[in-house]
Every structure is written in C-alpha cells, then in structure tokens.
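Enquirer: Input structure: query-v1.csv, which contains CSV, N, CA and C atoms.
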```csv
chain,number,residue,atom,x,y,z
W,1,MET,N,1.8,14.1,16.3
W,1,MET,CA,1.7,12.6,16.5
W,1,MET,C,3.1,12.0,16.7
W,2,THR,N,3.2,11.1,17.6
W,2,THR,CA,4.4,10.4,17.8
W,2,THR,C,4.7,9.5,16.7
W,3,GLY,N,6.0,9.0,16.5
W,3,GLY,CA,6.3,8.2,15.5
W,3,GLY,C,5.6,6.8,15.5
W,4,LEU,N,5.3,6.3,14.3
W,4,LEU,CA,4.6,5.1,14.1
W,4,LEU,C,5.6,4.0,13.7
W,5,ASP,N,5.2,2.7,14.0
W,5,ASP,CA,6.0,1.6,13.6
W,5,ASP,C,5.3,1.0,12.3
W,6,LEU,N,6.2,0.7,11.3
W,6,LEU,CA,5.7,0.2,10.1
W,6,LEU,C,6.6,-1.0,9.7
W,7,ASP,N,6.1,-1.9,8.9
W,7,ASP,CA,6.8,-3.1,8.4
W,7,ASP,C,6.7,-3.0,6.9
W,8,VAL,N,7.9,-3.3,6.2
W,8,VAL,CA,7.9,-3.4,4.8
W,8,VAL,C,7.5,-4.9,4.4
W,9,LEU,N,6.4,-5.1,3.7
W,9,LEU,CA,6.0,-6.4,3.3
W,9,LEU,C,6.9,-6.9,2.1
W,10,ALA,N,7.2,-8.2,2.1
W,10,ALA,CA,8.0,-8.8,1.1
W,10,ALA,C,7.2,-8.8,-0.2
W,11,GLY,N,7.9,-8.8,-1.3
W,11,GLY,CA,7.3,-8.9,-2.6
W,11,GLY,C,6.9,-7.6,-3.2
W,12,THR,N,6.5,-7.7,-4.5
W,12,THR,CA,6.0,-6.5,-5.2
W,12,THR,C,4.5,-6.7,-5.5
W,13,TYR,N,3.9,-5.6,-5.6
W,13,TYR,CA,2.4,-5.6,-5.8
W,13,TYR,C,2.1,-4.8,-7.1
W,14,ALA,N,0.9,-5.1,-7.6
W,14,ALA,CA,0.3,-4.4,-8.7
W,14,ALA,C,-1.1,-3.8,-8.3
W,15,VAL,N,-1.4,-2.7,-8.9
W,15,VAL,CA,-2.7,-2.1,-8.8
W,15,VAL,C,-3.4,-2.3,-10.2
W,16,SER,N,-4.4,-3.1,-10.2
W,16,SER,CA,-5.1,-3.4,-11.5
W,16,SER,C,-6.5,-2.9,-11.5
W,17,ARG,N,-7.0,-2.7,-12.8
W,17,ARG,CA,-8.3,-2.1,-13.0
W,17,ARG,C,-9.1,-3.1,-13.9
W,18,LEU,N,-10.3,-3.5,-13.3
W,18,LEU,CA,-11.2,-4.3,-14.1
W,18,LEU,C,-12.5,-3.6,-14.3
W,19,SER,N,-13.3,-4.0,-15.1
W,19,SER,CA,-14.6,-3.4,-15.3
W,19,SER,C,-15.5,-3.7,-14.0
W,20,PRO,N,-16.4,-2.7,-13.7
W,20,PRO,CA,-17.1,-2.8,-12.4
W,20,PRO,C,-18.0,-4.1,-12.2
W,21,ASP,N,-18.4,-4.7,-13.3
W,21,ASP,CA,-19.3,-5.8,-13.2
W,21,ASP,C,-18.5,-7.2,-13.2
W,22,GLU,N,-17.2,-7.1,-13.3
W,22,GLU,CA,-16.5,-8.4,-13.3
W,22,GLU,C,-16.5,-9.0,-11.9
W,23,PRO,N,-16.5,-10.3,-11.8
W,23,PRO,CA,-16.4,-11.0,-10.4
W,23,PRO,C,-15.0,-10.8,-9.9
W,24,ALA,N,-14.8,-11.1,-8.6
W,24,ALA,CA,-13.5,-11.0,-8.0
W,24,ALA,C,-12.6,-12.0,-8.7
W,25,PRO,N,-11.5,-11.6,-9.2
W,25,PRO,CA,-10.6,-12.5,-10.0
W,25,PRO,C,-10.0,-13.6,-9.2
W,26,GLU,N,-10.0,-14.8,-9.8
W,26,GLU,CA,-9.4,-15.9,-9.1
W,26,GLU,C,-7.9,-15.8,-9.0
W,27,TRP,N,-7.3,-15.0,-9.9
W,27,TRP,CA,-5.8,-14.9,-9.9
W,27,TRP,C,-5.3,-14.0,-8.8
W,28,ALA,N,-6.1,-13.2,-8.2
W,28,ALA,CA,-5.7,-12.3,-7.2
W,28,ALA,C,-5.2,-13.0,-5.9
W,29,ARG,N,-4.0,-12.7,-5.5
W,29,ARG,CA,-3.4,-13.3,-4.3
W,29,ARG,C,-2.3,-12.4,-3.7
W,30,GLY,N,-1.8,-12.8,-2.5
W,30,GLY,CA,-0.7,-12.1,-1.9
W,30,GLY,C,-1.0,-11.9,-0.5
W,31,GLU,N,0.1,-11.5,0.3
W,31,GLU,CA,0.0,-11.2,1.7
W,31,GLU,C,-1.0,-10.0,1.9
W,32,LEU,N,-0.9,-9.1,0.9
W,32,LEU,CA,-1.9,-8.0,0.9
W,32,LEU,C,-2.7,-8.2,-0.4
W,33,LEU,N,-4.0,-8.3,-0.2
W,33,LEU,CA,-5.0,-8.4,-1.3
W,33,LEU,C,-6.2,-7.5,-1.0
W,34,ALA,N,-6.5,-6.6,-1.9
W,34,ALA,CA,-7.6,-5.7,-1.7
W,34,ALA,C,-8.4,-5.6,-3.0
W,35,LEU,N,-9.7,-5.7,-2.8
W,35,LEU,CA,-10.7,-5.5,-3.9
W,35,LEU,C,-11.6,-4.3,-3.5
W,36,ILE,N,-11.6,-3.3,-4.4
W,36,ILE,CA,-12.5,-2.2,-4.2
W,36,ILE,C,-13.4,-2.0,-5.4
W,37,ARG,N,-14.7,-2.1,-5.2
W,37,ARG,CA,-15.6,-2.0,-6.3
W,37,ARG,C,-16.4,-0.7,-6.1
W,38,THR,N,-16.4,0.0,-7.3
W,38,THR,CA,-17.2,1.3,-7.4
W,38,THR,C,-18.1,1.1,-8.6
W,39,PRO,N,-19.0,2.0,-8.9
W,39,PRO,CA,-19.8,1.9,-10.1
W,39,PRO,C,-18.9,2.1,-11.4
W,40,GLU,N,-17.7,2.6,-11.2
W,40,GLU,CA,-16.9,2.8,-12.4
W,40,GLU,C,-15.8,1.7,-12.6
W,41,GLU,N,-15.5,1.0,-11.6
W,41,GLU,CA,-14.4,0.0,-11.7
W,41,GLU,C,-14.3,-1.0,-10.6
W,42,LEU,N,-13.5,-2.0,-10.8
W,42,LEU,CA,-13.1,-2.9,-9.7
W,42,LEU,C,-11.6,-2.8,-9.7
W,43,SER,N,-11.1,-2.2,-8.6
W,43,SER,CA,-9.6,-2.1,-8.4
W,43,SER,C,-9.1,-3.3,-7.6
W,44,VAL,N,-8.0,-3.8,-8.0
W,44,VAL,CA,-7.4,-5.0,-7.3
W,44,VAL,C,-6.0,-4.7,-7.0
W,45,VAL,N,-5.6,-4.8,-5.7
W,45,VAL,CA,-4.2,-4.8,-5.3
W,45,VAL,C,-3.9,-6.2,-5.0
W,46,SER,N,-2.8,-6.7,-5.6
W,46,SER,CA,-2.5,-8.1,-5.6
W,46,SER,C,-1.0,-8.3,-5.8
W,47,ALA,N,-0.4,-9.5,-5.5
W,47,ALA,CA,0.9,-9.8,-5.8
W,47,ALA,C,1.1,-9.5,-7.3
W,48,ALA,N,2.2,-8.8,-7.7
W,48,ALA,CA,2.4,-8.5,-9.1
W,48,ALA,C,2.5,-9.7,-10.0
W,49,ASP,N,3.2,-10.7,-9.5
W,49,ASP,CA,3.4,-11.9,-10.3
W,49,ASP,C,2.1,-12.7,-10.5
W,50,SER,N,1.0,-12.4,-9.9
W,50,SER,CA,-0.2,-13.1,-10.1
W,50,SER,C,-1.1,-12.5,-11.2
W,51,VAL,N,-0.8,-11.3,-11.6
W,51,VAL,CA,-1.7,-10.6,-12.5
W,51,VAL,C,-1.4,-11.0,-14.0
W,52,PRO,N,-2.4,-11.5,-14.7
W,52,PRO,CA,-2.2,-11.8,-16.1
W,52,PRO,C,-1.8,-10.6,-16.9
W,53,ALA,N,-1.1,-10.9,-18.0
W,53,ALA,CA,-0.6,-9.8,-18.8
W,53,ALA,C,-1.7,-9.1,-19.5
W,54,SER,N,-2.9,-9.7,-19.7
W,54,SER,CA,-4.0,-9.1,-20.4
W,54,SER,C,-4.8,-8.1,-19.5
W,55,VAL,N,-4.4,-8.0,-18.2
W,55,VAL,CA,-5.1,-7.1,-17.3
W,55,VAL,C,-4.5,-5.7,-17.3
W,56,THR,N,-5.3,-4.6,-17.3
W,56,THR,CA,-4.8,-3.3,-17.2
W,56,THR,C,-4.2,-3.2,-15.7
W,57,SER,N,-2.9,-2.9,-15.7
W,57,SER,CA,-2.3,-3.0,-14.3
W,57,SER,C,-1.1,-2.0,-14.3
W,58,GLU,N,-0.8,-1.6,-13.0
W,58,GLU,CA,0.4,-0.8,-12.7
W,58,GLU,C,1.2,-1.6,-11.7
W,59,PRO,N,2.2,-2.4,-12.2
W,59,PRO,CA,3.0,-3.2,-11.3
W,59,PRO,C,4.1,-2.4,-10.7
W,60,GLY,N,4.9,-3.0,-9.8
W,60,GLY,CA,6.1,-2.4,-9.3
W,60,GLY,C,5.9,-1.6,-8.0
W,61,TRP,N,4.9,-2.0,-7.2
W,61,TRP,CA,4.6,-1.3,-5.9
W,61,TRP,C,5.1,-2.1,-4.8
W,62,ARG,N,5.7,-1.4,-3.7
W,62,ARG,CA,6.1,-2.1,-2.5
W,62,ARG,C,5.1,-1.6,-1.4
W,63,ALA,N,4.8,-2.4,-0.4
W,63,ALA,CA,3.8,-2.1,0.6
W,63,ALA,C,4.5,-2.0,2.0
W,64,LEU,N,4.1,-0.9,2.7
W,64,LEU,CA,4.4,-0.7,4.1
W,64,LEU,C,3.2,-0.8,4.9
W,65,LYS,N,3.2,-1.5,6.0
W,65,LYS,CA,2.1,-1.8,6.8
W,65,LYS,C,2.3,-1.1,8.2
W,66,VAL,N,1.3,-0.3,8.6
W,66,VAL,CA,1.4,0.4,9.9
W,66,VAL,C,1.0,-0.7,10.9
W,67,ARG,N,1.9,-0.9,11.9
W,67,ARG,CA,1.6,-1.9,12.9
W,67,ARG,C,0.3,-1.5,13.7
W,68,GLY,N,-0.6,-2.5,13.7
W,68,GLY,CA,-1.9,-2.2,14.4
W,68,GLY,C,-2.1,-3.3,15.4
W,69,PRO,N,-3.3,-3.4,15.9
W,69,PRO,CA,-4.5,-2.6,15.4
W,69,PRO,C,-4.5,-1.2,15.9
W,70,LEU,N,-5.1,-0.3,15.1
W,70,LEU,CA,-5.1,1.1,15.4
W,70,LEU,C,-6.6,1.4,15.9
W,71,ASP,N,-6.6,2.2,16.9
W,71,ASP,CA,-7.9,2.6,17.5
W,71,ASP,C,-8.6,3.6,16.5
W,72,PHE,N,-9.9,3.5,16.3
W,72,PHE,CA,-10.6,4.3,15.3
W,72,PHE,C,-10.6,5.8,15.8
W,73,SER,N,-10.3,6.1,17.0
W,73,SER,CA,-10.3,7.5,17.5
W,73,SER,C,-9.0,8.2,17.2
W,74,LEU,N,-8.0,7.5,16.7
W,74,LEU,CA,-6.7,8.1,16.4
W,74,LEU,C,-6.9,9.0,15.2
W,75,VAL,N,-6.3,10.2,15.2
W,75,VAL,CA,-6.5,11.2,14.2
W,75,VAL,C,-5.1,11.5,13.5
W,76,GLY,N,-5.1,11.6,12.2
W,76,GLY,CA,-3.9,12.1,11.5
W,76,GLY,C,-2.9,11.0,11.1
W,77,ILE,N,-3.2,9.8,11.2
W,77,ILE,CA,-2.2,8.7,10.9
W,77,ILE,C,-1.8,8.8,9.4
W,78,LEU,N,-2.8,8.8,8.5
W,78,LEU,CA,-2.4,8.9,7.1
W,78,LEU,C,-1.9,10.2,6.7
W,79,ALA,N,-2.3,11.3,7.4
W,79,ALA,CA,-1.8,12.6,7.1
W,79,ALA,C,-0.3,12.7,7.5
W,80,ALA,N,0.1,12.1,8.6
W,80,ALA,CA,1.5,12.1,9.1
W,80,ALA,C,2.3,11.4,8.1
W,81,LEU,N,1.9,10.2,7.7
W,81,LEU,CA,2.7,9.4,6.8
W,81,LEU,C,2.7,9.9,5.3
W,82,SER,N,1.5,10.3,4.8
W,82,SER,CA,1.5,10.8,3.5
W,82,SER,C,2.2,12.2,3.4
W,83,GLY,N,2.1,13.0,4.4
W,83,GLY,CA,2.8,14.2,4.4
W,83,GLY,C,4.3,14.1,4.3
W,84,ALA,N,4.9,13.1,5.1
W,84,ALA,CA,6.3,12.9,5.0
W,84,ALA,C,6.7,12.4,3.6
W,85,LEU,N,5.9,11.6,2.9
W,85,LEU,CA,6.2,11.2,1.6
W,85,LEU,C,6.0,12.3,0.6
W,86,ALA,N,4.9,13.1,0.8
W,86,ALA,CA,4.7,14.3,-0.1
W,86,ALA,C,5.9,15.2,-0.1
W,87,ARG,N,6.4,15.5,1.1
W,87,ARG,CA,7.6,16.4,1.2
W,87,ARG,C,8.8,15.9,0.5
W,88,ALA,N,8.9,14.5,0.4
W,88,ALA,CA,10.0,13.9,-0.3
W,88,ALA,C,9.6,13.7,-1.8
W,89,GLU,N,8.4,14.1,-2.2
W,89,GLU,CA,7.9,14.0,-3.6
W,89,GLU,C,7.8,12.6,-4.0
W,90,ILE,N,7.2,11.7,-3.2
W,90,ILE,CA,7.1,10.3,-3.4
W,90,ILE,C,5.5,10.0,-3.5
W,91,ALA,N,5.1,9.5,-4.7
W,91,ALA,CA,3.7,9.2,-4.8
W,91,ALA,C,3.4,7.9,-4.0
W,92,LEU,N,2.1,7.9,-3.6
W,92,LEU,CA,1.7,6.7,-2.8
W,92,LEU,C,0.3,6.3,-3.2
W,93,PHE,N,0.0,5.1,-2.9
W,93,PHE,CA,-1.4,4.5,-3.0
W,93,PHE,C,-1.7,4.0,-1.6
W,94,ALA,N,-2.7,4.5,-1.0
W,94,ALA,CA,-3.1,4.2,0.4
W,94,ALA,C,-4.3,3.3,0.5
W,95,LEU,N,-4.2,2.4,1.4
W,95,LEU,CA,-5.4,1.5,1.7
W,95,LEU,C,-5.6,1.4,3.2
W,96,SER,N,-6.8,1.3,3.7
W,96,SER,CA,-7.1,1.1,5.1
W,96,SER,C,-7.9,-0.1,5.3
W,97,THR,N,-7.7,-0.8,6.4
W,97,THR,CA,-8.5,-1.9,6.8
W,97,THR,C,-9.1,-1.6,8.1
W,98,PHE,N,-9.8,-2.6,8.7
W,98,PHE,CA,-10.4,-2.4,10.0
W,98,PHE,C,-9.3,-2.1,11.1
W,99,ASP,N,-8.2,-2.8,10.9
W,99,ASP,CA,-7.2,-2.8,12.0
W,99,ASP,C,-6.0,-1.8,11.7
W,100,THR,N,-5.8,-1.5,10.4
W,100,THR,CA,-4.5,-0.7,10.2
W,100,THR,C,-4.6,0.0,8.8
W,101,ASP,N,-3.4,0.6,8.5
W,101,ASP,CA,-3.3,1.3,7.2
W,101,ASP,C,-2.1,0.7,6.4
W,102,TYR,N,-2.1,0.8,5.1
W,102,TYR,CA,-1.1,0.3,4.3
W,102,TYR,C,-0.7,1.5,3.3
W,103,LEU,N,0.6,1.6,3.0
W,103,LEU,CA,1.0,2.6,2.0
W,103,LEU,C,1.8,1.8,1.0
W,104,LEU,N,1.4,2.0,-0.3
W,104,LEU,CA,2.2,1.4,-1.4
W,104,LEU,C,3.0,2.6,-2.1
W,105,VAL,N,4.2,2.3,-2.3
W,105,VAL,CA,5.1,3.2,-3.0
W,105,VAL,C,5.8,2.5,-4.1
W,106,ARG,N,6.2,3.2,-5.1
W,106,ARG,CA,6.9,2.6,-6.2
W,106,ARG,C,8.1,1.9,-5.7
W,107,GLU,N,8.4,0.8,-6.3
W,107,GLU,CA,9.6,0.0,-5.9
W,107,GLU,C,10.9,0.8,-5.9
W,108,GLN,N,11.0,1.6,-7.0
W,108,GLN,CA,12.3,2.5,-7.1
W,108,GLN,C,12.3,3.6,-6.0
W,109,ASP,N,11.2,3.9,-5.4
W,109,ASP,CA,11.1,4.9,-4.4
W,109,ASP,C,11.2,4.4,-2.9
W,110,LEU,N,11.2,3.1,-2.8
W,110,LEU,CA,11.1,2.5,-1.4
W,110,LEU,C,12.2,3.0,-0.5
W,111,GLU,N,13.5,3.0,-0.9
W,111,GLU,CA,14.6,3.5,-0.1
W,111,GLU,C,14.4,4.9,0.3
W,112,ARG,N,14.0,5.8,-0.6
W,112,ARG,CA,13.7,7.2,-0.3
W,112,ARG,C,12.5,7.3,0.6
W,113,ALA,N,11.5,6.5,0.4
W,113,ALA,CA,10.3,6.5,1.3
W,113,ALA,C,10.7,6.2,2.7
W,114,VAL,N,11.5,5.1,2.9
W,114,VAL,CA,11.9,4.7,4.2
W,114,VAL,C,12.7,5.8,4.9
W,115,HIS,N,13.6,6.4,4.2
W,115,HIS,CA,14.4,7.6,4.7
W,115,HIS,C,13.5,8.7,5.1
W,116,ALA,N,12.5,9.1,4.2
W,116,ALA,CA,11.6,10.2,4.5
W,116,ALA,C,10.8,9.9,5.8
W,117,LEU,N,10.3,8.7,5.9
W,117,LEU,CA,9.5,8.4,7.1
W,117,LEU,C,10.4,8.3,8.4
W,118,GLU,N,11.5,7.7,8.3
W,118,GLU,CA,12.4,7.7,9.4
W,118,GLU,C,12.9,9.1,9.8
W,119,SER,N,13.0,10.0,8.9
W,119,SER,CA,13.5,11.3,9.2
W,119,SER,C,12.4,12.1,10.0
W,120,GLU,N,11.2,11.6,10.0
W,120,GLU,CA,10.1,12.2,10.8
W,120,GLU,C,9.7,11.3,12.0
W,121,SER,N,10.7,10.5,12.5
W,121,SER,CA,10.5,9.7,13.7
W,121,SER,C,9.7,8.4,13.6
W,122,HIS,N,9.4,8.0,12.4
W,122,HIS,CA,8.7,6.7,12.2
W,122,HIS,C,9.7,5.6,12.1
W,123,ARG,N,9.4,4.5,12.6
W,123,ARG,CA,10.3,3.3,12.6
W,123,ARG,C,9.9,2.3,11.6
W,124,ILE,N,10.8,1.9,10.8
W,124,ILE,CA,10.5,1.0,9.7
W,124,ILE,C,11.3,-0.3,9.9
W,125,ALA,N,10.6,-1.5,9.9
W,125,ALA,CA,11.3,-2.8,10.0
W,125,ALA,C,11.1,-3.5,8.6
W,126,GLY,N,12.2,-4.2,8.3
W,126,GLY,CA,12.2,-5.0,7.1
W,126,GLY,C,12.6,-4.3,5.8
W,127,ALA,N,13.0,-3.1,5.9
W,127,ALA,CA,13.5,-2.3,4.7
W,127,ALA,C,14.8,-2.9,4.2
W,128,SER,N,15.7,-3.3,5.0
W,128,SER,CA,17.0,-3.8,4.5
W,128,SER,C,16.9,-5.2,3.9
W,129,ASP,N,15.9,-6.0,4.3
W,129,ASP,CA,15.9,-7.3,3.7
W,129,ASP,C,14.6,-7.5,2.8
W,130,ALA,N,14.0,-6.4,2.5
W,130,ALA,CA,12.8,-6.5,1.6
W,130,ALA,C,13.1,-6.4,0.2
```
Any chance you could give the structure as structure tokens?
Expert:
Amino acid sequence: MTGLDLDVLAGTYAVSRLSPDEPAPEWARGELLALIRTPEELSVVSAADSVPASVTSEPGWRALKVRGPLDFSLVGILAALSGALARAEIALFALSTFDTDYLLVREQDLERAVHALESESHRIAGASDA
C-alpha cells in the first residue's frame, strides 16, 4: 500500500464506558465524537474536557484522521497503519466511519507514533502544532 495522508486533530480525547442501557450522554462533544453501543456497554469517544469526573474513563488520547473519503474496496488501510504502530510498540484505539478511519494514540506516544508512521511513507499534517 502506498503512503496515506493523515491529520492530527487538535485537543485530547477520552474513551469512556457507560452501562449499555444509558442514553447518549449530553456531555459528549468534540471534533471527533463516537458512540458505540453493545449489549455489554456504551463506549463514548469525546473531548477529554467534556467528560464528568464521575464517569469511568481513559483520558489522554490524541486522534489522527486518515484523509478521506476512502473507497470501501480499499484493502489493508488499518493493517498498514496499525502495523507501523505495533512495530513501534504503540497502543492504539481505532475507529472507522463511512468515509475514513481514525487512530487514537496516547498523548505521550503521539510524537513516536508520527515518527513510526512517517518512517513507513505515511504523511502526517498538524503534528508540530497539535
């Protein structure tokens, strides 16, 4: 796969866990906002500063967005990106939308993640000012 173009989103994010029967939280907001409901939980990706202290949450994530829209016939996008991060021993939380993919990495790992991705010919915008 040829290199992909990614953008670092501003701000930090949190991944939160609510009980599966809770409604979508009013506090959830941000440039990237995701709600994923399963029979076991409601997961919320939201701006970290919007999450109440009483919520079970893992704050401190930075988001990288693959520039899209991506064609559904493309193969190996997440594998190429997650593989680069795995080789650098960087944990990630991945999300996909209809148009594109997002990778969340720990804030303290952002610089290493950018380097790992760039070393495999991916192009990252916004890393220096994010």
Enquirer: Between atom N of W:Trp27 and atom CA of W:Gly11, measure the distance and give it in Å to one decimal.
Expert: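 We find that atom N of W:Trp27 and atom CA of W:Gly11 lie 17.4 Å from each other.
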Enquirer: For W:Val44, which of W:Leu64, W:Ala80, W:Ile90, W:Val15 is the closest residue, counting only N, CA and C atoms?
Expert: W:Val15
Enquirer: Could you tell me how far atom C of W:Ala125 lies from atom CA of W:Ser57, in Å and to one decimal?
Expert: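 Separation between atom C of W:Ala125 and atom CA of W:Ser57: 26.5 Å.
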Enquirer: Have a look at W:Gly126, W:Leu18, W:Leu9, W:Ser43 and name the one nearest to W:Glu31; count all atoms listed in the file.
Expert: W:Leu9
Enquirer: Looking at W:Leu104, W:Ala14, W:Ala47, W:Ala113, which one is nearest to W:Lys65, with distances taken over all atoms listed in the file?
Expert: W:Leu104
Enquirer: So that I can see what lies close to W:Ala84, please list as a PDB file with N, CA and C atoms, in the frame of the given file the residues with an atom at most 7 Å from it, counting all atoms listed in the file and leaving out residues fewer than 6 positions away in the same chain.
Expert:
```
ATOM      1  N   ILE W  90       7.200  11.700  -3.200  1.00  0.00           N
ATOM      2  CA  ILE W  90       7.100  10.300  -3.400  1.00  0.00           C
ATOM      3  C   ILE W  90       5.500  10.000  -3.500  1.00  0.00           C
ATOM      4  N   ALA W 116      12.500   9.100   4.200  1.00  0.00           N
ATOM      5  CA  ALA W 116      11.600  10.200   4.500  1.00  0.00           C
ATOM      6  C   ALA W 116      10.800   9.900   5.800  1.00  0.00           C
ATOM      7  N   LEU W 117      10.300   8.700   5.900  1.00  0.00           N
ATOM      8  CA  LEU W 117       9.500   8.400   7.100  1.00  0.00           C
ATOM      9  C   LEU W 117      10.400   8.300   8.400  1.00  0.00           C
ATOM     10  N   GLU W 120      11.200  11.600  10.000  1.00  0.00           N
ATOM     11  CA  GLU W 120      10.100  12.200  10.800  1.00  0.00           C
ATOM     12  C   GLU W 120       9.700  11.300  12.000  1.00  0.00           C
TER      13      GLU W 120
END
```
Enquirer: Could you give me the residues within chain W that DSSP places in helix (DSSP H, G or I), as an MDAnalysis selection string?
Expert: chainID W and resid 48:50 77:87 107:118
Enquirer: In Å to one decimal, how far is atom CA of W:Leu70 from atom CA of W:Ser96?
Expert: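 Computing the Euclidean distance for atom CA of W:Ser96 and atom CA of W:Leu70 yields 10.5 Å.
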Enquirer: List every residue of chain W that DSSP, applied to the backbone of this structure, assigns to strand (DSSP E or B), and report them as a PyMOL selection string.
Expert: chain W and resi 5-8+13-18+34-37+42-47+56-66+93-96+101-106+123-125
Enquirer: Kindly provide, as a PDB file with N, CA and C atoms, keeping the file's coordinate frame, the polymer residues lying within 6.5 Å of (15.9, 3.9, 3.2), counting only N, CA and C atoms and using the coordinates exactly as they appear in the file.
Expert:
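Dumped everything to out.pdb:
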```
ATOM      1  N   LEU W 110      11.200   3.100  -2.800  1.00  0.00           N
ATOM      2  CA  LEU W 110      11.100   2.500  -1.400  1.00  0.00           C
ATOM      3  C   LEU W 110      12.200   3.000  -0.500  1.00  0.00           C
ATOM      4  N   GLU W 111      13.500   3.000  -0.900  1.00  0.00           N
ATOM      5  CA  GLU W 111      14.600   3.500  -0.100  1.00  0.00           C
ATOM      6  C   GLU W 111      14.400   4.900   0.300  1.00  0.00           C
ATOM      7  N   ARG W 112      14.000   5.800  -0.600  1.00  0.00           N
ATOM      8  CA  ARG W 112      13.700   7.200  -0.300  1.00  0.00           C
ATOM      9  C   ARG W 112      12.500   7.300   0.600  1.00  0.00           C
ATOM     10  N   ALA W 113      11.500   6.500   0.400  1.00  0.00           N
ATOM     11  CA  ALA W 113      10.300   6.500   1.300  1.00  0.00           C
ATOM     12  C   ALA W 113      10.700   6.200   2.700  1.00  0.00           C
ATOM     13  N   VAL W 114      11.500   5.100   2.900  1.00  0.00           N
ATOM     14  CA  VAL W 114      11.900   4.700   4.200  1.00  0.00           C
ATOM     15  C   VAL W 114      12.700   5.800   4.900  1.00  0.00           C
ATOM     16  N   HIS W 115      13.600   6.400   4.200  1.00  0.00           N
ATOM     17  CA  HIS W 115      14.400   7.600   4.700  1.00  0.00           C
ATOM     18  C   HIS W 115      13.500   8.700   5.100  1.00  0.00           C
ATOM     19  N   ALA W 116      12.500   9.100   4.200  1.00  0.00           N
ATOM     20  CA  ALA W 116      11.600  10.200   4.500  1.00  0.00           C
ATOM     21  C   ALA W 116      10.800   9.900   5.800  1.00  0.00           C
TER      22      ALA W 116
END
```
Enquirer: So, counting all atoms listed in the file, which residue among W:Ser121, W:Thr38, W:Ser73, W:Thr2 is closest to W:Ser19?
Expert: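 Closest residue, counting all atoms listed in the file: W:Thr38.
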Enquirer: Once 3 Å is added on each side, what are the centre and the three edge lengths, in Å to one decimal, of the axis-aligned box enclosing the listed atoms of stretch 21-32 of chain W? Present them as lines of an AutoDock Vina configuration file.
Expert:
```
center_x = -9.6
center_y = -10.3
center_z = -5.7
size_x = 25.4
size_y = 17.2
size_z = 21.2
```
Enquirer: Which is closest to W:Trp61 among W:Ser119, W:Thr12, W:Ala127, W:Arg87, if we use all atoms listed in the file?
Expert: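 Closest residue, counting all atoms listed in the file: W:Thr12.
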Enquirer: Check the smallest atom-to-atom distance from each of W:Val55, W:Ala48, W:Ala63, W:Leu42 to W:Tyr102 using all atoms listed in the file, then report the winner.
Expert: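 Smallest separation from W:Tyr102 among the options: W:Ala63.
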